[in-house]
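Participant: Before we start, here is the structure in question, set down as structure tokens.
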Amino acid sequence: MTDSSGPVPAEVDDRQAIENVSGRSLSQAWPTGALAPGSRVTVVRDQDWDGPWQVEFAGTVDAMGAPEPNQHAQSLGGELLYWVTFDASQYDCDGGGPYHKAHIWGRYLRAEQEPEA
């Protein structure tokens with residue numbers, strides 16, 4: 001018997017893996033005022049410590065899951081978590097990786113300006 005369904009796109013594999021690990025579906029309801037999917041961003045380093053990434057780098061806000069409120073005790077009020085796909089694989093400040101996508105706190109994203117037409 002052969003599988004005629006064809007290959008599964010990486011985006012679907014990523015979503016299924018995250019949903020399986022987290023035990024819940026990723027929201028697709030995009031919050032008002034959030035960076036739009038496809039937005040170009042720079043992932044920046046924190047000014048107060050050596051992280052969370054080894055270097056600053058470019059990426060794209062991913063539509064895999066909508067931005068969600070950051071529930072961490074050290075998050076800023078109203079801070080969102082975004083799925084970001086990296087232009088090139090990256091290592092975190094502890095040497096973990098390489099990662100091609102991650103859930104990034106909003107404070108570590110700098111939106112790139114759209115070129116004027």
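Just remember, in the structure tokens the first chain shown is A, the second B, etc., residues are 1-based per chain, and ligands are 1-based in the order shown.
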Could I get the residues of range 13-58 of chain A with an atom no further than 9 Å from an atom of range 76-97 of chain A, each paired with its nearest atom pair and that distance in Å to one decimal, using only C-alpha atoms, sorted by chain and residue number, as a tab-separated table?
Facilitator:
```
residue	atom	partner	partner_atom	distance
A:Ala34	CA	A:Leu80	CA	8.0
A:Leu35	CA	A:Tyr82	CA	8.6
A:Val41	CA	A:Val84	CA	8.5
A:Val43	CA	A:Val84	CA	8.8
A:Asp50	CA	A:Cys93	CA	6.7
A:Gly51	CA	A:Cys93	CA	5.0
A:Pro52	CA	A:Cys93	CA	5.3
A:Trp53	CA	A:Asp92	CA	4.2
A:Gln54	CA	A:Cys93	CA	4.8
A:Val55	CA	A:Gln90	CA	8.2
A:Phe57	CA	A:Phe86	CA	7.6
A:Ala58	CA	A:Asp87	CA	5.9
```
Participant: Let me see the file: selected residues, N, CA and C atoms, as an mmCIF file, in the first residue's frame.
Facilitator:
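Saved file out.cif follows:
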```
data_model
loop_
_atom_site.group_PDB
_atom_site.id
_atom_site.type_symbol
_atom_site.label_atom_id
_atom_site.label_comp_id
_atom_site.auth_asym_id
_atom_site.auth_seq_id
_atom_site.Cartn_x
_atom_site.Cartn_y
_atom_site.Cartn_z
ATOM 1 N N ALA A 34 -1.475 43.702 16.925
ATOM 2 C CA ALA A 34 -0.284 42.845 16.907
ATOM 3 C C ALA A 34 0.415 42.955 15.558
ATOM 4 N N LEU A 35 1.709 42.656 15.534
ATOM 5 C CA LEU A 35 2.429 42.573 14.267
ATOM 6 C C LEU A 35 1.734 41.541 13.388
ATOM 7 N N VAL A 41 11.024 41.320 10.958
ATOM 8 C CA VAL A 41 11.477 41.784 12.265
ATOM 9 C C VAL A 41 12.962 41.496 12.439
ATOM 10 N N VAL A 43 15.252 40.264 15.615
ATOM 11 C CA VAL A 43 15.245 39.749 16.977
ATOM 12 C C VAL A 43 16.457 40.376 17.660
ATOM 13 N N ASP A 50 22.951 39.031 28.889
ATOM 14 C CA ASP A 50 23.567 38.475 27.686
ATOM 15 C C ASP A 50 22.629 37.478 27.007
ATOM 16 N N GLY A 51 21.525 37.963 26.498
ATOM 17 C CA GLY A 51 20.584 37.045 25.871
ATOM 18 C C GLY A 51 19.374 37.778 25.355
ATOM 19 N N PRO A 52 18.339 37.094 24.967
ATOM 20 C CA PRO A 52 18.193 35.648 25.028
ATOM 21 C C PRO A 52 18.834 34.897 23.860
ATOM 22 N N TRP A 53 19.350 35.633 22.881
ATOM 23 C CA TRP A 53 20.012 35.029 21.717
ATOM 24 C C TRP A 53 21.448 35.518 21.664
ATOM 25 N N GLN A 54 22.319 34.753 20.994
ATOM 26 C CA GLN A 54 23.738 35.114 20.927
ATOM 27 C C GLN A 54 23.981 36.378 20.117
ATOM 28 N N VAL A 55 23.180 36.603 19.091
ATOM 29 C CA VAL A 55 23.349 37.760 18.208
ATOM 30 C C VAL A 55 21.972 38.288 17.828
ATOM 31 N N PHE A 57 19.367 39.174 14.807
ATOM 32 C CA PHE A 57 19.197 38.563 13.489
ATOM 33 C C PHE A 57 17.802 38.861 12.948
ATOM 34 N N ALA A 58 17.639 38.620 11.656
ATOM 35 C CA ALA A 58 16.376 38.901 10.962
ATOM 36 C C ALA A 58 15.481 37.663 10.929
#
```
Participant: Quick one: of A:Thr42, A:Trp30, A:Trp105, A:Ser25, who's nearest to Gln74 in chain A, counting only C-alpha atoms?
Facilitator: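 Among A:Thr42, A:Trp30, A:Trp105, A:Ser25, it is A:Trp105 that comes nearest to Gln74 in chain A.
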Participant: Between CA of Arg40 in chain A and CA of Glu112 in chain A, what distance in Å does the model show, to one decimal?
Facilitator: 5.5 Å
Participant: Check the DSSP output for the backbone and give back, as a PyMOL selection string, the residues of chain A in strand (DSSP E or B).
Facilitator: chain A and resi 40-43+53+57-61+68-69+80-90+92+99-105+109-111
Participant: Could you pull out the residues in chain A that DSSP calls alpha helix (DSSP H) from the backbone, as an MDAnalysis selection string?
Facilitator: chainID A and resid 10:22
Participant: Give me a file of those residues, with all heavy atoms, as a compact mmCIF listing (two decimals), in the first residue's frame.
Facilitator:
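What ended up in part-v6.txt:
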```txt
# COMPACT_ATOMS: atom_id res chain seq x y z
N ALA A 10 6.26 21.81 5.95
CA ALA A 10 6.97 22.00 7.21
C ALA A 10 6.14 22.80 8.20
O ALA A 10 6.17 22.52 9.40
CB ALA A 10 8.31 22.70 6.96
N GLU A 11 5.35 23.79 7.72
CA GLU A 11 4.54 24.61 8.62
C GLU A 11 3.53 23.74 9.36
O GLU A 11 3.26 23.96 10.54
CB GLU A 11 3.81 25.71 7.85
CG GLU A 11 4.71 26.70 7.15
CD GLU A 11 5.21 26.21 5.78
OE1 GLU A 11 4.58 25.34 5.15
OE2 GLU A 11 6.26 26.70 5.36
N VAL A 12 2.94 22.76 8.66
CA VAL A 12 1.97 21.88 9.29
C VAL A 12 2.68 20.98 10.29
O VAL A 12 2.19 20.77 11.40
CB VAL A 12 1.21 21.06 8.22
CG1 VAL A 12 0.31 20.02 8.87
CG2 VAL A 12 0.41 21.99 7.31
N ASP A 13 3.84 20.45 9.92
CA ASP A 13 4.63 19.64 10.85
C ASP A 13 4.96 20.42 12.11
O ASP A 13 4.83 19.90 13.22
CB ASP A 13 5.95 19.18 10.20
CG ASP A 13 5.78 18.01 9.26
OD1 ASP A 13 4.72 17.36 9.27
OD2 ASP A 13 6.74 17.74 8.51
N ASP A 14 5.40 21.67 11.96
CA ASP A 14 5.74 22.51 13.11
C ASP A 14 4.53 22.69 14.01
O ASP A 14 4.62 22.54 15.23
CB ASP A 14 6.27 23.88 12.67
CG ASP A 14 7.66 23.83 12.06
OD1 ASP A 14 8.33 22.78 12.14
OD2 ASP A 14 8.08 24.87 11.51
N ARG A 15 3.40 23.07 13.44
CA ARG A 15 2.19 23.30 14.23
C ARG A 15 1.79 22.03 14.96
O ARG A 15 1.48 22.06 16.16
CB ARG A 15 1.04 23.80 13.36
CG ARG A 15 -0.24 23.99 14.22
CD ARG A 15 -1.44 24.44 13.42
NE ARG A 15 -1.20 25.77 12.93
CZ ARG A 15 -1.60 26.20 11.74
NH1 ARG A 15 -2.26 25.39 10.94
NH2 ARG A 15 -1.35 27.41 11.36
N GLN A 16 1.77 20.91 14.27
CA GLN A 16 1.37 19.65 14.89
C GLN A 16 2.31 19.28 16.04
O GLN A 16 1.86 18.83 17.09
CB GLN A 16 1.31 18.53 13.86
CG GLN A 16 0.14 18.68 12.90
CD GLN A 16 0.16 17.67 11.77
OE1 GLN A 16 1.17 17.02 11.50
NE2 GLN A 16 -0.97 17.54 11.09
N ALA A 17 3.60 19.50 15.85
CA ALA A 17 4.57 19.19 16.90
C ALA A 17 4.33 20.05 18.14
O ALA A 17 4.30 19.54 19.27
CB ALA A 17 5.99 19.37 16.38
N ILE A 18 4.16 21.36 17.93
CA ILE A 18 3.94 22.27 19.05
C ILE A 18 2.62 21.95 19.76
O ILE A 18 2.55 21.92 20.99
CB ILE A 18 3.96 23.74 18.59
CG1 ILE A 18 5.35 24.13 18.09
CG2 ILE A 18 3.49 24.69 19.69
CD1 ILE A 18 6.46 23.99 19.11
N GLU A 19 1.57 21.69 19.00
CA GLU A 19 0.28 21.37 19.61
C GLU A 19 0.36 20.06 20.38
O GLU A 19 -0.24 19.93 21.46
CB GLU A 19 -0.81 21.32 18.54
CG GLU A 19 -1.14 22.70 17.99
CD GLU A 19 -2.17 22.70 16.87
OE1 GLU A 19 -2.40 21.65 16.25
OE2 GLU A 19 -2.74 23.78 16.62
N ASN A 20 1.12 19.10 19.88
CA ASN A 20 1.28 17.83 20.56
C ASN A 20 2.03 18.01 21.89
O ASN A 20 1.60 17.49 22.92
CB ASN A 20 2.02 16.83 19.67
CG ASN A 20 2.05 15.45 20.26
OD1 ASN A 20 1.09 14.98 20.84
ND2 ASN A 20 3.18 14.78 20.10
N VAL A 21 3.10 18.78 21.87
CA VAL A 21 3.89 19.01 23.08
C VAL A 21 3.12 19.83 24.11
O VAL A 21 3.13 19.54 25.30
CB VAL A 21 5.24 19.69 22.74
CG1 VAL A 21 5.95 20.18 23.98
CG2 VAL A 21 6.13 18.74 21.96
N SER A 22 2.42 20.88 23.64
CA SER A 22 1.71 21.77 24.56
C SER A 22 0.36 21.21 25.02
O SER A 22 -0.19 21.67 26.02
CB SER A 22 1.50 23.15 23.93
OG SER A 22 0.59 23.07 22.86
```
Participant: Measuring atom to atom with only C-alpha atoms, identify which of A:His100, A:Pro67, A:Pro31, A:Gly59 is nearest to Val44 in chain A.
Facilitator: A:Gly59
Participant: To one decimal in Å, tell me the separation between CA of Pro69 in chain A and CA of Gln113 in chain A.
Facilitator: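 We find that CA of Pro69 in chain A and CA of Gln113 in chain A lie 24.1 Å from each other.
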Participant: With only C-alpha atoms as the counted atoms, please give the residues lying no more than 8 Å from Gly38 in chain A, apart from itself and same-chain residues fewer than 6 positions off, as a PDB file with C-alpha atoms, in the first residue's frame.
Facilitator:
```pdb
ATOM      1  CA  THR A  60       9.524  36.886   9.835  1.00  0.00           C
ATOM      2  CA  VAL A  61       6.444  36.758  12.071  1.00  0.00           C
ATOM      3  CA  ASP A  62       5.031  33.300  11.352  1.00  0.00           C
ATOM      4  CA  ALA A  63       1.310  32.568  10.909  1.00  0.00           C
TER       5      ALA A  63
END
```
Participant: If we count only C-alpha atoms and set the cut-off at 8 Å, which residues sit around Leu26 in chain A, ignoring sequence neighbours fewer than 2 positions away in its own chain? Please answer as an MDAnalysis selection string.
Facilitator: chainID A and resid 15 19 24 28 64:66
Participant: Could you state the separation of CA of Asn70 in chain A and CA of Gly106 in chain A in Å, given to one decimal place?
Facilitator: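 Spanning CA of Asn70 in chain A to CA of Gly106 in chain A is a straight-line distance of 8.6 Å.
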